[in-house]
Amino acid sequence: MAALVFDAGGLIALDRGSREIGALLAVATESGIDAVTSSACVAQAWRDPARQARLTHALAGFLERPLDPAAARDCGRLLAAVRTSDIADAALALAAQDGDTVVTSDPKDIEHLLRAADRRAYVHRV
């Protein structure tokens, strides 16, 4: 089953109360579709949990892929291959699977990383 994969921009949109992204997540959840992100993306979006109730609530239902030693090395190889440096974007591209939909504020970079990682995912711009 395909997942809905959020980059930091997607998480920030949820936190800011984007109706479009909130509705997208609600439909996915109701349909049994997993919401996924990476710990690196959470690190970019997480600032003050006392002021981020929406994000805190949303993340409780997410599958968060950790940036463990193996994932960190995979990110480094992917970044070297595409000659960019955004660890969170690389971690997100590697968390995505074929058929997933990636929710991103940076579709150009994500599409480039997805191609390099040989992932056939859809991209939804925030």
# chains A, B, ... in the order shown; residues from 1 in each chain; ligands from 1

call {"tool": "select_by_dssp", "arguments": {"residues": "segment 59-102 of chain A", "states": "strand (DSSP E)", "output": "list in words"}}
result
Leu63, Glu64, Arg65, Thr101 and Val102 of chain A

call {"tool": "residues_around", "arguments": {"residues": "segment 36-38 of chain A", "least_positions_apart": "6", "cutoff": "9 Å", "atoms": "only C-alpha atoms", "output": "ChimeraX atom specification"}}
result
/A:3-8,11,59,61-67,88,91-92,95-96

call {"tool": "residues_around", "arguments": {"residues": "segment 120-122 of chain A", "least_positions_apart": "5", "cutoff": "8 Å", "atoms": "only C-alpha atoms", "output": "VMD selection string"}}
result
chain A and resid 96 to 102 114 to 115

call {"tool": "residues_around", "arguments": {"residues": "Ala80 of chain A", "least_positions_apart": "6", "cutoff": "12 Å", "atoms": "only C-alpha atoms", "output": "PyMOL selection string"}}
result
chain A and resi 73-74+86-87+90+113+116-117

call {"tool": "write_last_selection", "arguments": {"atoms": "C-alpha atoms", "output": "CSV table (one decimal), in the first residue's frame"}}
result
chain,number,residue,atom,x,y,z
A,73,ARG,CA,25.5,6.5,5.2
A,74,ASP,CA,22.9,5.9,2.5
A,86,ASP,CA,20.3,18.7,2.3
A,87,ILE,CA,20.4,15.6,4.6
A,90,ALA,CA,17.9,12.8,1.1
A,113,LEU,CA,16.7,13.0,-5.3
A,116,ALA,CA,18.7,9.4,-8.2
A,117,ALA,CA,17.4,7.0,-5.5

call {"tool": "closest_residue", "arguments": {"among": "A:Ile110, A:Ala26, A:Glu20, A:Ala60", "to": "Thr84 of chain A", "atoms": "only C-alpha atoms"}}
result
A:Ile110

call {"tool": "closest_residue", "arguments": {"among": "A:Arg54, A:Asp89, A:His124, A:Glu111", "to": "Ser18 of chain A", "atoms": "only C-alpha atoms"}}
result
A:Arg54

call {"tool": "residues_around", "arguments": {"residues": "Ala53 of chain A", "least_positions_apart": "6", "cutoff": "12 Å", "atoms": "only C-alpha atoms", "output": "PyMOL selection string"}}
result
chain A and resi 12+14-17+46-47+59-60

call {"tool": "write_last_selection", "arguments": {"atoms": "C-alpha atoms", "output": "compact mmCIF listing (two decimals), in the first residue's frame"}}
result
# COMPACT_ATOMS: atom_id res chain seq x y z
CA ILE A 12 5.29 22.88 8.68
CA LEU A 14 0.34 20.86 8.93
CA ASP A 15 1.63 22.83 11.90
CA ARG A 16 0.40 26.09 10.38
CA GLY A 17 -3.06 24.63 9.85
CA TRP A 46 10.27 20.88 15.38
CA ARG A 47 10.89 24.03 17.39
CA LEU A 59 3.18 13.20 14.44
CA ALA A 60 1.59 10.81 16.94

call {"tool": "closest_residue", "arguments": {"among": "A:Lys108, A:Val103, A:Glu30, A:Gly9", "to": "Gln44 of chain A", "atoms": "only C-alpha atoms"}}
result
A:Gly9

call {"tool": "decode", "arguments": {"residues": "segment 25-124 of chain A", "atoms": "C-alpha atoms", "output": "PDB file, in the first residue's frame"}}
result
ATOM      1  CA  LEU A  25      -3.793  13.652   5.672  1.00  0.00           C
ATOM      2  CA  ALA A  26      -7.335  13.029   6.963  1.00  0.00           C
ATOM      3  CA  VAL A  27      -8.381  11.253   3.752  1.00  0.00           C
ATOM      4  CA  ALA A  28      -5.207   9.168   3.819  1.00  0.00           C
ATOM      5  CA  THR A  29      -5.758   8.208   7.450  1.00  0.00           C
ATOM      6  CA  GLU A  30      -9.404   7.291   6.824  1.00  0.00           C
ATOM      7  CA  SER A  31      -8.297   5.169   3.869  1.00  0.00           C
ATOM      8  CA  GLY A  32      -5.696   3.283   5.901  1.00  0.00           C
ATOM      9  CA  ILE A  33      -2.781   4.952   4.129  1.00  0.00           C
ATOM     10  CA  ASP A  34       0.308   5.434   6.287  1.00  0.00           C
ATOM     11  CA  ALA A  35       1.704   8.896   6.929  1.00  0.00           C
ATOM     12  CA  VAL A  36       5.506   8.745   6.923  1.00  0.00           C
ATOM     13  CA  THR A  37       8.349  11.166   7.580  1.00  0.00           C
ATOM     14  CA  SER A  38      11.979  10.991   8.583  1.00  0.00           C
ATOM     15  CA  SER A  39      13.563  12.063  11.851  1.00  0.00           C
ATOM     16  CA  ALA A  40      15.663  14.520   9.854  1.00  0.00           C
ATOM     17  CA  CYS A  41      12.499  16.232   8.561  1.00  0.00           C
ATOM     18  CA  VAL A  42      11.042  16.345  12.065  1.00  0.00           C
ATOM     19  CA  ALA A  43      14.254  18.009  13.255  1.00  0.00           C
ATOM     20  CA  GLN A  44      13.813  20.738  10.640  1.00  0.00           C
ATOM     21  CA  ALA A  45      10.179  21.404  11.595  1.00  0.00           C
ATOM     22  CA  TRP A  46      10.265  20.881  15.384  1.00  0.00           C
ATOM     23  CA  ARG A  47      10.892  24.026  17.388  1.00  0.00           C
ATOM     24  CA  ASP A  48       8.599  24.490  20.392  1.00  0.00           C
ATOM     25  CA  PRO A  49       6.146  21.686  21.213  1.00  0.00           C
ATOM     26  CA  ALA A  50       4.237  24.011  23.543  1.00  0.00           C
ATOM     27  CA  ARG A  51       3.376  26.106  20.483  1.00  0.00           C
ATOM     28  CA  GLN A  52       3.123  23.262  17.961  1.00  0.00           C
ATOM     29  CA  ALA A  53       0.060  21.370  19.151  1.00  0.00           C
ATOM     30  CA  ARG A  54      -1.053  20.542  15.584  1.00  0.00           C
ATOM     31  CA  LEU A  55       2.319  19.091  14.671  1.00  0.00           C
ATOM     32  CA  THR A  56       2.606  17.201  17.957  1.00  0.00           C
ATOM     33  CA  HIS A  57      -0.842  15.684  17.428  1.00  0.00           C
ATOM     34  CA  ALA A  58      -0.196  14.820  13.780  1.00  0.00           C
ATOM     35  CA  LEU A  59       3.184  13.196  14.438  1.00  0.00           C
ATOM     36  CA  ALA A  60       1.588  10.814  16.940  1.00  0.00           C
ATOM     37  CA  GLY A  61       0.042   9.035  13.940  1.00  0.00           C
ATOM     38  CA  PHE A  62       3.117   9.076  11.703  1.00  0.00           C
ATOM     39  CA  LEU A  63       5.659   6.394  11.013  1.00  0.00           C
ATOM     40  CA  GLU A  64       8.938   8.209  11.615  1.00  0.00           C
ATOM     41  CA  ARG A  65      11.940   6.703   9.868  1.00  0.00           C
ATOM     42  CA  PRO A  66      15.064   7.166  12.008  1.00  0.00           C
ATOM     43  CA  LEU A  67      18.356   8.459  10.753  1.00  0.00           C
ATOM     44  CA  ASP A  68      20.375   5.538  12.114  1.00  0.00           C
ATOM     45  CA  PRO A  69      23.986   4.785  11.088  1.00  0.00           C
ATOM     46  CA  ALA A  70      22.996   2.825   7.971  1.00  0.00           C
ATOM     47  CA  ALA A  71      20.474   5.463   6.866  1.00  0.00           C
ATOM     48  CA  ALA A  72      23.018   8.238   7.474  1.00  0.00           C
ATOM     49  CA  ARG A  73      25.520   6.531   5.216  1.00  0.00           C
ATOM     50  CA  ASP A  74      22.876   5.938   2.536  1.00  0.00           C
ATOM     51  CA  CYS A  75      22.011   9.649   2.706  1.00  0.00           C
ATOM     52  CA  GLY A  76      25.651  10.577   2.291  1.00  0.00           C
ATOM     53  CA  ARG A  77      26.003   8.388  -0.793  1.00  0.00           C
ATOM     54  CA  LEU A  78      22.827   9.817  -2.314  1.00  0.00           C
ATOM     55  CA  LEU A  79      23.939  13.387  -1.630  1.00  0.00           C
ATOM     56  CA  ALA A  80      27.318  12.672  -3.220  1.00  0.00           C
ATOM     57  CA  ALA A  81      25.606  11.218  -6.285  1.00  0.00           C
ATOM     58  CA  VAL A  82      23.434  14.299  -6.826  1.00  0.00           C
ATOM     59  CA  ARG A  83      25.953  16.836  -5.523  1.00  0.00           C
ATOM     60  CA  THR A  84      23.639  18.456  -3.001  1.00  0.00           C
ATOM     61  CA  SER A  85      23.809  18.718   0.768  1.00  0.00           C
ATOM     62  CA  ASP A  86      20.333  18.653   2.337  1.00  0.00           C
ATOM     63  CA  ILE A  87      20.357  15.627   4.648  1.00  0.00           C
ATOM     64  CA  ALA A  88      16.635  15.881   5.419  1.00  0.00           C
ATOM     65  CA  ASP A  89      15.719  15.823   1.722  1.00  0.00           C
ATOM     66  CA  ALA A  90      17.945  12.809   1.134  1.00  0.00           C
ATOM     67  CA  ALA A  91      16.480  10.962   4.122  1.00  0.00           C
ATOM     68  CA  LEU A  92      12.997  11.698   2.833  1.00  0.00           C
ATOM     69  CA  ALA A  93      13.801  10.465  -0.673  1.00  0.00           C
ATOM     70  CA  LEU A  94      15.158   7.229   0.778  1.00  0.00           C
ATOM     71  CA  ALA A  95      12.082   6.825   3.018  1.00  0.00           C
ATOM     72  CA  ALA A  96       9.778   7.030   0.005  1.00  0.00           C
ATOM     73  CA  GLN A  97       8.829   3.883  -1.854  1.00  0.00           C
ATOM     74  CA  ASP A  98       7.475   3.344  -5.359  1.00  0.00           C
ATOM     75  CA  GLY A  99       3.886   4.563  -5.567  1.00  0.00           C
ATOM     76  CA  ASP A 100       4.094   6.819  -2.503  1.00  0.00           C
ATOM     77  CA  THR A 101       3.078  10.474  -2.622  1.00  0.00           C
ATOM     78  CA  VAL A 102       5.645  12.913  -1.243  1.00  0.00           C
ATOM     79  CA  VAL A 103       4.229  16.111   0.261  1.00  0.00           C
ATOM     80  CA  THR A 104       6.907  18.773  -0.174  1.00  0.00           C
ATOM     81  CA  SER A 105       7.557  22.474  -0.388  1.00  0.00           C
ATOM     82  CA  ASP A 106      10.569  21.786  -2.593  1.00  0.00           C
ATOM     83  CA  PRO A 107       9.393  19.584  -5.482  1.00  0.00           C
ATOM     84  CA  LYS A 108      12.365  20.246  -7.773  1.00  0.00           C
ATOM     85  CA  ASP A 109      14.975  19.017  -5.283  1.00  0.00           C
ATOM     86  CA  ILE A 110      12.828  16.112  -4.094  1.00  0.00           C
ATOM     87  CA  GLU A 111      12.125  14.945  -7.665  1.00  0.00           C
ATOM     88  CA  HIS A 112      15.863  15.045  -8.397  1.00  0.00           C
ATOM     89  CA  LEU A 113      16.668  12.978  -5.288  1.00  0.00           C
ATOM     90  CA  LEU A 114      13.841  10.514  -5.950  1.00  0.00           C
ATOM     91  CA  ARG A 115      15.167   9.881  -9.462  1.00  0.00           C
ATOM     92  CA  ALA A 116      18.702   9.383  -8.167  1.00  0.00           C
ATOM     93  CA  ALA A 117      17.408   6.993  -5.477  1.00  0.00           C
ATOM     94  CA  ASP A 118      15.433   5.103  -8.147  1.00  0.00           C
ATOM     95  CA  ARG A 119      12.121   5.825  -6.393  1.00  0.00           C
ATOM     96  CA  ARG A 120       8.995   6.187  -8.483  1.00  0.00           C
ATOM     97  CA  ALA A 121       6.918   8.363  -6.180  1.00  0.00           C
ATOM     98  CA  TYR A 122       4.465  11.123  -6.895  1.00  0.00           C
ATOM     99  CA  VAL A 123       5.186  14.634  -5.701  1.00  0.00           C
ATOM    100  CA  HIS A 124       2.518  16.895  -4.192  1.00  0.00           C
TER     101      HIS A 124
END
